[in-house]
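Participant: Provided herewith: final.cif, mmCIF, C-alpha atoms.
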data_query
#
loop_
_atom_site.label_atom_id
_atom_site.label_comp_id
_atom_site.auth_asym_id
_atom_site.auth_seq_id
_atom_site.Cartn_x
_atom_site.Cartn_y
_atom_site.Cartn_z
CA MET A 11 0.00 0.00 0.00
CA LYS A 12 1.27 3.42 -0.89
CA GLU A 13 2.31 5.85 1.79
CA ILE A 14 0.56 9.20 1.99
CA GLU A 15 3.72 11.00 0.88
CA GLU A 16 3.82 8.86 -2.25
CA LEU A 17 0.16 9.55 -2.97
CA LEU A 18 0.68 13.27 -2.53
CA ALA A 19 3.68 13.33 -4.84
CA GLU A 20 1.51 11.76 -7.57
CA GLN A 21 -1.11 14.48 -7.30
CA PRO A 22 -0.85 17.30 -9.88
CA PHE A 23 -1.49 19.74 -7.03
CA PHE A 24 1.85 18.74 -5.47
CA LYS A 25 3.72 18.20 -8.74
CA GLY A 26 7.29 19.48 -8.53
CA MET A 27 6.99 20.40 -4.86
CA ASP A 28 10.07 19.99 -2.69
CA PRO A 29 9.79 16.61 -0.87
CA ARG A 30 10.45 18.48 2.35
CA TRP A 31 7.17 20.39 1.95
CA ILE A 32 5.31 17.28 0.85
CA ALA A 33 6.43 15.62 4.08
CA PHE A 34 4.99 18.56 6.02
CA PHE A 35 1.61 18.21 4.31
CA ALA A 36 1.67 14.42 4.64
CA GLY A 37 1.85 14.90 8.40
CA CYS A 38 -1.62 16.47 8.27
CA ALA A 39 -3.14 14.11 5.68
CA GLY A 40 -5.00 10.83 5.60
CA ASN A 41 -7.11 8.77 3.23
CA VAL A 42 -10.85 9.35 3.30
CA ARG A 43 -13.81 7.92 1.40
CA PHE A 44 -17.40 8.93 0.90
CA ASP A 45 -20.23 6.90 -0.52
CA ALA A 46 -22.42 8.17 -3.33
CA GLY A 47 -24.89 10.69 -1.96
CA GLU A 48 -22.97 11.30 1.25
CA TYR A 49 -22.37 14.90 2.29
CA ILE A 50 -18.71 15.77 2.70
CA PHE A 51 -19.55 19.07 4.33
CA ARG A 52 -22.51 21.32 4.78
CA GLU A 53 -22.99 25.04 4.25
CA GLY A 54 -22.32 26.90 7.50
CA GLY A 55 -20.47 23.96 9.01
CA GLU A 56 -16.97 24.21 10.44
CA ALA A 57 -14.39 24.18 7.63
CA ASN A 58 -11.98 21.89 9.37
CA ARG A 59 -10.41 20.12 6.40
CA PHE A 60 -9.90 20.12 2.68
CA LEU A 61 -9.66 17.31 0.17
CA LEU A 62 -7.74 16.28 -2.89
CA ILE A 63 -9.89 13.91 -4.92
CA ARG A 64 -8.22 10.72 -6.09
CA HIS A 65 -11.34 9.10 -7.50
CA GLY A 66 -14.95 10.13 -8.05
CA ARG A 67 -16.86 13.37 -8.36
CA VAL A 68 -18.19 15.88 -5.88
CA ALA A 69 -21.03 18.36 -6.38
CA LEU A 70 -20.93 21.78 -4.76
CA GLU A 71 -24.51 22.64 -3.96
CA THR A 72 -26.62 25.27 -2.35
CA HIS A 73 -30.21 25.06 -1.25
CA VAL A 74 -32.59 27.36 -3.07
CA PRO A 75 -36.07 27.79 -1.64
CA GLN A 76 -38.75 26.27 -3.90
CA ARG A 77 -36.04 24.49 -5.91
CA GLY A 78 -34.17 22.41 -3.39
CA PRO A 79 -30.48 21.64 -3.75
CA VAL A 80 -28.93 23.23 -6.84
CA THR A 81 -25.54 22.11 -8.12
CA ILE A 82 -23.24 25.06 -8.77
CA TYR A 83 -20.18 23.17 -9.85
CA THR A 84 -18.80 19.66 -9.99
CA ILE A 85 -15.29 18.70 -9.03
CA GLY A 86 -13.46 15.57 -10.14
CA LYS A 87 -10.27 13.58 -9.93
CA ASN A 88 -7.14 15.52 -8.90
CA ASP A 89 -9.18 18.59 -7.94
CA VAL A 90 -9.13 20.42 -4.63
CA VAL A 91 -12.31 20.60 -2.58
CA GLY A 92 -12.62 23.55 -0.26
CA TRP A 93 -10.69 26.64 0.71
CA SER A 94 -12.96 28.10 3.40
CA TRP A 95 -10.72 26.36 5.95
CA LEU A 96 -7.95 28.80 5.06
CA PHE A 97 -9.35 31.99 6.59
CA PRO A 98 -11.79 33.01 9.32
CA PRO A 99 -14.56 32.36 10.07
CA TYR A 100 -13.63 28.86 8.83
CA ARG A 101 -17.19 28.05 7.70
CA TRP A 102 -18.22 26.29 4.53
CA THR A 103 -20.16 28.45 2.08
CA PHE A 104 -21.67 25.53 0.10
CA ASP A 105 -22.66 21.94 0.57
CA ALA A 106 -20.37 19.31 -0.94
CA ARG A 107 -21.92 15.95 -1.81
CA ALA A 108 -20.31 12.86 -3.29
CA LEU A 109 -21.96 12.07 -6.63
CA GLU A 110 -20.36 8.63 -6.67
CA LEU A 111 -17.90 6.77 -4.50
CA VAL A 112 -15.19 9.32 -3.67
CA ARG A 113 -11.72 8.43 -2.51
CA ALA A 114 -9.64 11.40 -1.49
CA ILE A 115 -6.78 12.61 0.60
CA GLY A 116 -8.13 14.67 3.47
CA PHE A 117 -6.06 17.35 5.19
CA ASP A 118 -6.63 18.47 8.74
CA ALA A 119 -7.11 22.24 8.38
CA ALA A 120 -5.92 23.22 11.87
CA CYS A 121 -2.78 21.14 11.38
CA VAL A 122 -2.01 22.72 7.99
CA ARG A 123 -2.71 26.25 9.25
CA LYS A 124 -0.48 25.70 12.28
CA LYS A 125 2.40 24.50 10.12
CA CYS A 126 1.94 27.43 7.74
CA GLU A 127 1.96 29.90 10.61
CA GLU A 128 5.11 28.35 12.02
CA ASP A 129 6.81 28.44 8.64
CA PRO A 130 5.48 31.17 6.31
CA ALA A 131 7.52 29.70 3.46
CA LEU A 132 5.28 26.66 3.60
CA GLY A 133 2.24 28.93 3.60
CA TYR A 134 3.57 30.68 0.53
CA VAL A 135 4.12 27.37 -1.26
CA LEU A 136 0.57 26.32 -0.44
CA LEU A 137 -0.96 29.62 -1.54
CA MET A 138 0.96 29.58 -4.83
CA ARG A 139 -0.80 26.30 -5.58
CA LEU A 140 -4.20 27.17 -4.20
CA VAL A 141 -4.57 30.59 -5.81
CA PRO A 142 -4.48 29.23 -9.40
CA VAL A 143 -7.25 26.82 -8.43
CA ILE A 144 -9.30 29.67 -6.99
CA SER A 145 -8.52 31.83 -10.02
CA SER A 146 -9.59 29.22 -12.56
CA ARG A 147 -12.81 28.53 -10.62
CA LEU A 148 -13.49 32.29 -10.62
CA GLN A 149 -12.87 32.49 -14.38
CA ALA A 150 -15.11 29.50 -15.03
CA THR A 151 -17.84 31.08 -12.92
CA ARG A 152 -17.55 34.34 -14.86
CA LEU A 153 -17.90 32.44 -18.13
CA GLN A 154 -20.85 30.57 -16.68
CA LEU A 155 -22.47 33.91 -15.81
CA LEU A 156 -22.14 35.07 -19.41
CA ASP A 157 -24.65 32.40 -20.44
CA VAL A 158 -22.85 32.14 -23.78
CA TYR A 159 -25.13 29.49 -25.22
CA GLY A 160 -28.24 31.50 -24.56
CA THR A 161 -27.46 34.12 -27.17
CA ALA A 162 -28.84 34.13 -30.68
CA ARG A 163 -25.55 33.67 -32.44
CA GLY A 164 -24.17 30.21 -33.00
CA PRO A 165 -21.91 28.22 -35.30
CA ARG A 166 -23.71 28.28 -38.57
CA ALA A 167 -26.99 27.51 -36.93
CA GLY A 168 -28.49 30.45 -38.70
CA ALA A 169 -26.66 33.27 -36.91
CA SER A 170 -29.29 35.92 -36.42
CA ALA A 171 -31.22 35.03 -39.60
CA MET B 17 -17.04 20.99 -75.22
CA GLN B 18 -16.42 21.41 -71.51
CA ALA B 19 -19.38 20.82 -69.20
CA ARG B 20 -20.54 23.94 -67.39
CA LEU B 21 -20.08 23.93 -63.64
CA PRO B 22 -23.24 24.66 -61.64
CA ASP B 23 -23.65 28.29 -60.69
CA PRO B 24 -22.71 28.48 -56.97
CA MET B 25 -25.26 31.24 -56.48
CA VAL B 26 -28.22 29.16 -57.67
CA PRO B 27 -29.86 26.99 -55.01
CA VAL B 28 -30.57 23.39 -55.92
CA PRO B 29 -33.88 21.94 -54.70
CA PHE B 30 -33.47 19.32 -51.96
CA VAL B 31 -36.26 17.25 -50.45
CA VAL B 32 -36.59 17.04 -46.68
CA ARG B 33 -36.47 13.31 -45.95
CA ARG B 34 -36.56 13.35 -42.18
CA VAL B 35 -36.71 15.83 -39.31
CA ARG B 36 -35.40 14.87 -35.87
CA ARG B 37 -36.15 17.15 -32.95
CA GLU B 38 -32.97 17.64 -30.93
CA THR B 39 -34.04 20.28 -28.39
CA HIS B 40 -36.87 22.77 -27.95
CA ASP B 41 -35.32 25.06 -30.58
CA THR B 42 -33.09 22.78 -32.63
CA ALA B 43 -33.76 20.05 -35.18
CA THR B 44 -31.69 17.92 -37.53
CA LEU B 45 -32.90 17.76 -41.12
CA ASP B 46 -31.96 15.01 -43.57
CA LEU B 47 -31.99 16.41 -47.10
CA ALA B 48 -31.58 14.73 -50.50
CA PRO B 49 -31.23 16.32 -53.94
CA ALA B 50 -34.62 16.35 -55.64
CA ASN B 51 -33.01 15.45 -58.97
CA GLY B 52 -31.30 12.36 -57.56
CA ASP B 53 -27.77 13.76 -57.91
CA GLY B 54 -24.98 12.86 -55.52
CA PHE B 55 -23.39 15.09 -52.92
CA THR B 56 -20.03 15.12 -51.20
CA PHE B 57 -18.56 17.28 -48.46
CA ARG B 58 -15.68 17.41 -46.01
CA PRO B 59 -16.16 17.63 -42.21
CA GLY B 60 -16.50 21.27 -41.21
CA GLN B 61 -18.04 22.58 -44.42
CA PHE B 62 -21.40 24.30 -44.56
CA ASN B 63 -24.29 24.75 -46.98
CA MET B 64 -26.46 27.75 -47.60
CA LEU B 65 -30.04 26.61 -46.97
CA TYR B 66 -32.81 28.58 -48.61
CA ALA B 67 -36.31 28.70 -47.19
CA PHE B 68 -38.22 29.60 -50.34
CA GLY B 69 -39.64 33.07 -50.19
CA ILE B 70 -38.06 33.82 -46.81
CA GLY B 71 -34.29 33.77 -47.11
CA GLU B 72 -31.02 31.93 -46.88
CA VAL B 73 -28.78 30.94 -43.93
CA PRO B 74 -25.42 29.20 -43.60
CA ILE B 75 -25.81 25.88 -41.81
CA SER B 76 -22.99 23.45 -41.04
CA ILE B 77 -23.31 19.92 -42.30
CA SER B 78 -23.65 17.68 -39.26
CA GLY B 79 -23.72 14.26 -40.91
CA ASP B 80 -21.20 11.62 -41.93
CA ALA B 81 -18.96 12.54 -44.88
CA GLN B 82 -18.44 8.83 -45.58
CA ARG B 83 -22.21 8.50 -46.12
CA PRO B 84 -23.09 11.99 -47.25
CA LEU B 85 -26.65 11.30 -48.35
CA PRO B 86 -29.05 12.28 -47.04
CA VAL B 87 -27.24 15.44 -45.98
CA ALA B 88 -27.77 16.21 -42.29
CA HIS B 89 -28.02 19.78 -41.04
CA THR B 90 -28.67 20.69 -37.44
CA VAL B 91 -30.56 23.96 -37.30
CA ARG B 92 -31.24 26.14 -34.31
CA ALA B 93 -34.16 28.53 -34.68
CA VAL B 94 -32.85 31.98 -33.94
CA GLY B 95 -34.40 34.16 -36.65
CA ALA B 96 -37.06 34.10 -39.35
CA VAL B 97 -35.14 31.95 -41.83
CA SER B 98 -33.72 29.41 -39.41
CA THR B 99 -37.12 29.14 -37.72
CA ALA B 100 -38.73 28.46 -41.10
CA ILE B 101 -36.13 25.81 -41.90
CA ARG B 102 -36.29 24.17 -38.49
CA THR B 103 -40.03 23.79 -38.75
CA VAL B 104 -40.17 22.20 -42.22
CA ARG B 105 -41.90 18.85 -42.55
CA PRO B 106 -40.71 15.73 -44.39
CA GLY B 107 -41.51 16.04 -48.08
CA ALA B 108 -41.01 19.79 -48.16
CA MET B 109 -38.35 21.38 -50.37
CA VAL B 110 -35.49 23.66 -49.43
CA GLY B 111 -32.87 25.24 -51.65
CA VAL B 112 -29.27 24.21 -51.10
CA ARG B 113 -26.03 25.87 -52.21
CA GLY B 114 -22.74 24.29 -51.28
CA PRO B 115 -20.78 22.78 -49.79
CA PHE B 116 -18.63 25.81 -48.93
CA GLY B 117 -15.68 26.64 -46.76
CA THR B 118 -12.62 24.96 -45.33
CA ALA B 119 -12.63 21.64 -43.52
CA TRP B 120 -11.31 20.37 -40.19
CA PRO B 121 -7.77 19.01 -40.76
CA VAL B 122 -8.64 15.42 -39.88
CA GLU B 123 -5.81 13.99 -41.99
CA ALA B 124 -3.25 16.20 -40.25
CA ALA B 125 -4.37 14.72 -36.94
CA GLU B 126 -3.48 11.16 -37.89
CA ARG B 127 -1.23 9.41 -35.35
CA MET B 128 -1.93 12.21 -32.88
CA ASP B 129 -4.33 12.55 -29.97
CA VAL B 130 -7.41 14.55 -30.87
CA VAL B 131 -9.38 16.67 -28.45
CA ILE B 132 -12.70 18.04 -29.62
CA VAL B 133 -14.15 20.90 -27.58
CA ALA B 134 -17.71 21.84 -28.46
CA GLY B 135 -20.04 24.37 -26.91
CA GLY B 136 -23.79 24.42 -27.50
CA ILE B 137 -24.69 23.93 -31.12
CA GLY B 138 -20.95 23.91 -31.88
CA LEU B 139 -21.16 20.14 -31.61
CA ALA B 140 -23.02 20.02 -34.94
CA PRO B 141 -20.05 21.09 -37.15
CA LEU B 142 -17.82 18.74 -35.16
CA ARG B 143 -20.01 15.65 -35.40
CA PRO B 144 -18.66 14.82 -38.90
CA VAL B 145 -15.16 14.86 -37.37
CA LEU B 146 -16.20 12.37 -34.75
CA TYR B 147 -17.73 10.12 -37.41
CA HIS B 148 -14.47 10.30 -39.32
CA LEU B 149 -12.28 9.58 -36.29
CA LEU B 150 -14.42 6.61 -35.30
CA ALA B 151 -14.52 5.27 -38.87
CA PHE B 152 -10.71 5.36 -39.02
CA ARG B 153 -10.10 4.88 -35.31
CA GLU B 154 -6.82 2.98 -35.74
CA ARG B 155 -5.22 6.02 -37.39
CA TYR B 156 -5.52 8.21 -34.30
CA GLY B 157 -4.20 8.26 -30.76
CA ARG B 158 -6.48 9.05 -27.88
CA VAL B 159 -9.69 10.86 -28.78
CA ALA B 160 -11.54 13.08 -26.31
CA LEU B 161 -14.86 14.83 -26.85
CA LEU B 162 -15.54 17.62 -24.36
CA TYR B 163 -19.00 19.07 -24.71
CA GLY B 164 -20.70 21.87 -22.83
CA ALA B 165 -24.27 23.06 -23.09
CA ARG B 166 -26.48 25.52 -21.27
CA THR B 167 -28.75 22.93 -19.63
CA PRO B 168 -29.27 19.17 -19.93
CA GLN B 169 -32.27 19.86 -22.19
CA ASP B 170 -29.99 21.72 -24.60
CA LEU B 171 -27.67 18.76 -25.24
CA LEU B 172 -27.63 17.74 -28.88
CA PHE B 173 -27.46 14.16 -30.20
CA ARG B 174 -28.25 12.64 -26.79
CA ARG B 175 -28.59 9.09 -28.02
CA GLU B 176 -25.26 9.26 -29.82
CA LEU B 177 -23.59 10.88 -26.84
CA GLU B 178 -24.68 7.92 -24.74
CA GLN B 179 -23.38 5.49 -27.36
CA TRP B 180 -20.07 7.33 -27.62
CA ARG B 181 -19.77 7.32 -23.83
CA GLY B 182 -20.05 3.55 -23.88
CA ARG B 183 -17.00 3.14 -26.10
CA PHE B 184 -13.66 2.17 -24.63
CA ASP B 185 -11.71 4.03 -27.31
CA LEU B 186 -13.30 7.44 -26.79
CA HIS B 187 -13.36 9.75 -23.78
CA VAL B 188 -16.56 11.76 -23.56
CA GLY B 189 -16.93 14.61 -21.07
CA VAL B 190 -20.24 16.43 -20.88
CA THR B 191 -21.02 19.39 -18.67
CA VAL B 192 -23.82 21.91 -18.37
CA ASP B 193 -23.82 25.48 -17.10
CA ALA B 194 -27.16 25.17 -15.34
CA PRO B 195 -28.40 21.77 -14.19
CA VAL B 196 -31.97 20.67 -13.61
CA SER B 197 -33.24 18.47 -10.86
CA GLY B 198 -32.06 14.91 -11.39
CA TRP B 199 -28.98 15.78 -13.43
CA ILE B 200 -26.04 13.86 -12.02
CA GLY B 201 -23.53 14.83 -14.69
CA ASP B 202 -20.92 17.56 -14.48
CA VAL B 203 -21.80 21.20 -13.87
CA GLY B 204 -19.55 24.03 -15.00
CA VAL B 205 -18.34 25.50 -18.26
CA VAL B 206 -16.74 23.27 -20.87
CA THR B 207 -13.28 24.69 -20.18
CA THR B 208 -13.33 22.96 -16.78
CA LEU B 209 -13.14 19.60 -18.57
CA ILE B 210 -9.84 20.42 -20.25
CA PRO B 211 -7.30 20.13 -17.39
CA HIS B 212 -7.95 16.45 -16.71
CA ALA B 213 -9.00 15.19 -20.16
CA PRO B 214 -6.87 12.27 -21.36
CA PHE B 215 -4.64 13.61 -24.14
CA ASP B 216 -1.00 14.48 -24.56
CA PRO B 217 -0.91 18.26 -25.02
CA GLN B 218 2.41 18.10 -26.85
CA ASP B 219 1.06 15.62 -29.37
CA ALA B 220 -2.57 16.56 -29.79
CA LEU B 221 -4.71 18.48 -32.23
CA ALA B 222 -7.53 20.46 -30.64
CA LEU B 223 -10.65 21.22 -32.64
CA VAL B 224 -12.91 23.83 -31.10
CA CYS B 225 -16.33 25.14 -32.03
CA GLY B 226 -18.86 27.15 -30.10
CA PRO B 227 -19.70 30.74 -29.24
CA GLU B 228 -16.66 32.93 -29.80
CA VAL B 229 -16.22 33.88 -26.14
CA MET B 230 -16.29 30.20 -25.21
CA MET B 231 -13.62 29.52 -27.84
CA ARG B 232 -11.39 32.26 -26.44
CA PHE B 233 -11.56 30.79 -22.95
CA THR B 234 -11.08 27.31 -24.38
CA VAL B 235 -7.95 28.37 -26.25
CA ALA B 236 -6.58 29.89 -23.03
CA GLU B 237 -7.19 26.64 -21.15
CA LEU B 238 -5.69 24.53 -23.93
CA ARG B 239 -2.60 26.77 -23.99
CA LYS B 240 -2.37 26.51 -20.20
CA ARG B 241 -2.44 22.72 -20.57
CA GLY B 242 0.45 23.03 -23.06
CA VAL B 243 -1.19 22.60 -26.47
CA PRO B 244 0.86 24.58 -29.03
CA ALA B 245 -1.06 27.44 -30.68
CA GLU B 246 -0.66 25.98 -34.18
CA ARG B 247 -2.31 22.76 -33.00
CA ILE B 248 -5.51 24.56 -32.08
CA VAL B 249 -8.15 24.83 -34.79
CA LEU B 250 -11.31 26.91 -34.54
CA SER B 251 -14.48 27.23 -36.58
CA LEU B 252 -15.67 30.81 -36.69
CA GLU B 253 -19.11 32.27 -37.15
CA ARG B 254 -19.68 35.37 -39.22
CA ASN B 255 -22.52 36.78 -41.26
CA MET B 256 -22.13 34.68 -44.40
CA LYS B 257 -24.33 35.69 -47.33
CA CYS B 258 -22.88 34.82 -50.74
CA ALA B 259 -20.60 32.05 -49.35
CA ILE B 260 -18.16 32.50 -52.24
CA GLY B 261 -16.14 35.47 -51.05
CA LEU B 262 -17.81 38.15 -53.16
CA CYS B 263 -20.17 40.12 -50.97
CA GLY B 264 -17.82 40.79 -48.04
CA HIS B 265 -20.46 40.38 -45.33
CA CYS B 266 -18.36 37.79 -43.52
CA GLN B 267 -15.09 39.70 -43.72
CA PHE B 268 -12.99 39.19 -40.59
CA GLY B 269 -9.87 41.33 -40.88
CA PRO B 270 -8.07 40.03 -43.97
CA HIS B 271 -10.20 36.88 -44.17
CA PHE B 272 -13.50 36.05 -45.79
CA VAL B 273 -14.81 33.51 -43.33
CA CYS B 274 -16.91 31.79 -46.02
CA ARG B 275 -13.86 31.04 -48.19
CA GLN B 276 -10.70 31.12 -46.07
CA GLY B 277 -12.77 29.69 -43.18
CA PRO B 278 -14.86 28.86 -41.34
CA VAL B 279 -12.12 26.52 -40.08
CA PHE B 280 -8.93 28.40 -39.14
CA ARG B 281 -5.74 27.52 -37.35
CA TYR B 282 -5.66 29.61 -34.20
CA PRO B 283 -2.53 31.65 -35.12
CA GLU B 284 -4.32 32.84 -38.30
CA VAL B 285 -7.05 34.56 -36.31
CA GLU B 286 -5.46 35.09 -32.89
CA PRO B 287 -4.86 38.83 -33.30
CA LEU B 288 -8.44 39.35 -34.43
CA LEU B 289 -10.22 37.44 -31.71
CA THR B 290 -9.60 40.06 -29.07
CA VAL B 291 -10.43 43.04 -31.28
CA LYS B 292 -13.74 44.46 -30.04
CA GLU B 293 -15.19 45.07 -33.50
CA VAL B 294 -13.59 43.80 -36.70
#
What is this file in structure tokens?
Facilitator:
Amino acid sequence: MKEIEELLAEQPFFKGMDPRWIAFFAGCAGNVRFDAGEYIFREGGEANRFLLIRHGRVALETHVPQRGPVTIYTIGKNDVVGWSWLFPPYRWTFDARALELVRAIGFDAACVRKKCEEDPALGYVLLMRLVPVISSRLQATRLQLLDVYGTARGPRAGASA
Amino acid sequence: MQARLPDPMVPVPFVVRRVRRETHDTATLDLAPANGDGFTFRPGQFNMLYAFGIGEVPISISGDAQRPLPVAHTVRAVGAVSTAIRTVRPGAMVGVRGPFGTAWPVEAAERMDVVIVAGGIGLAPLRPVLYHLLAFRERYGRVALLYGARTPQDLLFRRELEQWRGRFDLHVGVTVDAPVSGWIGDVGVVTTLIPHAPFDPQDALALVCGPEVMMRFTVAELRKRGVPAERIVLSLERNMKCAIGLCGHCQFGPHFVCRQGPVFRYPEVEPLLTVKEV
């Protein structure tokens, strides 16, 4: 069976990271699994960990009155789930639900934060990897807001005629 | 005496053989020449379809170039002409001019991985590519189809998508911007499927079609993944009227999209894609 450090080194999120830092993160990490339909965390709940998905898909949801749970975004293999653990008030802003069997590496948030506070260089390394994730999710959300398929123009489907 | 070529400005009558409803506003029409003539095309080309007495629109051919007849066109109703064409019944006649325009470089992709990124009705011009790749599957490396639509109800070719998903030699990723209750597929824009799709960015050809803003973001994501600019191919949409490069309606900088396009290598159009009005 592979050690956590080995599993982390295989993850694109940790690709190229100094083994010294990987060892730091491995000290806060463990394998977790969630069955299909199981909630990984709930909106408003304490953001006490984050995940790196090794297998399966996770839906980020919010509850809309009259509509029930609405999926905002789905996250899959090699993706990071959650960053609300990084800053106060450490509360989740969405629900996360396993859409199928999910195997992931879970990180204890308090442990990671403590190590980052003790060694800001580690915090910098982590942020340099988390910020691109946050940035690409923001960009994807902006594109989603544009509702590009709802416009009249399309690829030779008649344009506006 | 040399035979006269048909006048490209004169529509040829085609009979509507079959109409398949794809979504609430989109249908696929199977057309056959009324005079029994043959028809050939290359994946990515389009025809001008004429609704008699109403007008003409450019519509991509969405069928199989290996079996070109009847000629399939997937039409989304967005204006008077496309609405008239989408609502025709079997047995009706439409005028057809074409095929026009450049084709997807399917031969250039041989021995390489191919990633197809389609948004909305952009899957229609790319379906002939998929037919080609699957017909000559052994000539290509890994093939990935990444498809995004507005909602699950807006997905085109649902039955085929399910069949393609069942194949072991094809990766199919489908995502929607806005799910409905019961949808258990992916949610998010099509660009989110690119980072983890199975293809070698250094040895892949990317074929992209969809709304222009979606293509811009898709190109950015493909470049981020490491696909060289010259290996990215786009199909552009402009206001095509004559389809033979005379009228200038579809001019895009130095290009007439109807003749030099609609299929372009990304470096050919890169400087123009970010210009606010060309």
Participant: Please write as a JSON list (two decimals) with C-alpha atoms, keeping the file's coordinate frame the full residue list that the PyMOL selection byres ((chain A) within 12 of (chain B)) yields on this file.
Facilitator:
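Written file, part.json:
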[["chain", "number", "residue", "atom", "x", "y", "z"],
["A", 21, "GLN", "CA", -1.11, 14.48, -7.30],
["A", 22, "PRO", "CA", -0.85, 17.30, -9.88],
["A", 23, "PHE", "CA", -1.49, 19.74, -7.03],
["A", 46, "ALA", "CA", -22.42, 8.17, -3.33],
["A", 47, "GLY", "CA", -24.89, 10.69, -1.96],
["A", 66, "GLY", "CA", -14.95, 10.13, -8.05],
["A", 67, "ARG", "CA", -16.86, 13.37, -8.36],
["A", 68, "VAL", "CA", -18.19, 15.88, -5.88],
["A", 69, "ALA", "CA", -21.03, 18.36, -6.38],
["A", 70, "LEU", "CA", -20.93, 21.78, -4.76],
["A", 71, "GLU", "CA", -24.51, 22.64, -3.96],
["A", 74, "VAL", "CA", -32.59, 27.36, -3.07],
["A", 76, "GLN", "CA", -38.75, 26.27, -3.90],
["A", 77, "ARG", "CA", -36.04, 24.49, -5.91],
["A", 78, "GLY", "CA", -34.17, 22.41, -3.39],
["A", 79, "PRO", "CA", -30.48, 21.64, -3.75],
["A", 80, "VAL", "CA", -28.93, 23.23, -6.84],
["A", 81, "THR", "CA", -25.54, 22.11, -8.12],
["A", 82, "ILE", "CA", -23.24, 25.06, -8.77],
["A", 83, "TYR", "CA", -20.18, 23.17, -9.85],
["A", 84, "THR", "CA", -18.80, 19.66, -9.99],
["A", 85, "ILE", "CA", -15.29, 18.70, -9.03],
["A", 86, "GLY", "CA", -13.46, 15.57, -10.14],
["A", 87, "LYS", "CA", -10.27, 13.58, -9.93],
["A", 88, "ASN", "CA", -7.14, 15.52, -8.90],
["A", 89, "ASP", "CA", -9.18, 18.59, -7.94],
["A", 107, "ARG", "CA", -21.92, 15.95, -1.81],
["A", 108, "ALA", "CA", -20.31, 12.86, -3.29],
["A", 109, "LEU", "CA", -21.96, 12.07, -6.63],
["A", 110, "GLU", "CA", -20.36, 8.63, -6.67],
["A", 142, "PRO", "CA", -4.48, 29.23, -9.40],
["A", 143, "VAL", "CA", -7.25, 26.82, -8.43],
["A", 146, "SER", "CA", -9.59, 29.22, -12.56],
["A", 147, "ARG", "CA", -12.81, 28.53, -10.62],
["A", 148, "LEU", "CA", -13.49, 32.29, -10.62],
["A", 149, "GLN", "CA", -12.87, 32.49, -14.38],
["A", 150, "ALA", "CA", -15.11, 29.50, -15.03],
["A", 151, "THR", "CA", -17.84, 31.08, -12.92],
["A", 152, "ARG", "CA", -17.55, 34.34, -14.86],
["A", 153, "LEU", "CA", -17.90, 32.44, -18.13],
["A", 154, "GLN", "CA", -20.85, 30.57, -16.68],
["A", 155, "LEU", "CA", -22.47, 33.91, -15.81],
["A", 156, "LEU", "CA", -22.14, 35.07, -19.41],
["A", 157, "ASP", "CA", -24.65, 32.40, -20.44],
["A", 158, "VAL", "CA", -22.85, 32.14, -23.78],
["A", 159, "TYR", "CA", -25.13, 29.49, -25.22],
["A", 160, "GLY", "CA", -28.24, 31.50, -24.56],
["A", 161, "THR", "CA", -27.46, 34.12, -27.17],
["A", 162, "ALA", "CA", -28.84, 34.13, -30.68],
["A", 163, "ARG", "CA", -25.55, 33.67, -32.44],
["A", 164, "GLY", "CA", -24.17, 30.21, -33.00],
["A", 165, "PRO", "CA", -21.91, 28.22, -35.30],
["A", 166, "ARG", "CA", -23.71, 28.28, -38.57],
["A", 167, "ALA", "CA", -26.99, 27.51, -36.93],
["A", 168, "GLY", "CA", -28.49, 30.45, -38.70],
["A", 169, "ALA", "CA", -26.66, 33.27, -36.91],
["A", 170, "SER", "CA", -29.29, 35.92, -36.42],
["A", 171, "ALA", "CA", -31.22, 35.03, -39.60]]
Participant: What gap, in Å, lies between CA of Leu177 in chain B and CA of Leu85 in chain B?
Facilitator: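 A separation of 21.7 Å between them.
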Participant: Between B:Ala88, B:Leu238, B:Phe268, B:Met128, which one has atoms that come closest to Tyr156 in chain B, using all atoms listed in the file?
Facilitator: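 Counting all atoms listed in the file, the residue closest to Tyr156 in chain B is B:Met128.
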Participant: In Å to one decimal, how far is CA of Pro99 in chain A from CA of Ala57 in chain A?
Facilitator: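 These two atoms are separated by 8.5 Å.
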Participant: Taking (-23.0, 18.2, -28.1) as a centre in this file's frame and 6 Å as the limit, can you find every polymer residue with an atom that close, using only C-alpha atoms, and give them as a list in words?
Facilitator: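 Checked against the point, the hits come out as Leu139, Tyr163, Leu171 and Leu172 of chain B.
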Participant: Within 10 Å of range 259-263 of chain B, counting only C-alpha atoms, which residues show up once you throw out same-chain ones fewer than 2 positions away? Write them as a list in words, please.
Facilitator: Pro24, Met25, Phe62, Asn63, Met64, Val73, Pro74, Arg113, Gly114, Pro115, Phe116, Gly117, Asn255, Met256, Lys257, His265, Cys266, Gln267, His271, Phe272, Val273, Cys274, Arg275 and Gln276 of chain B
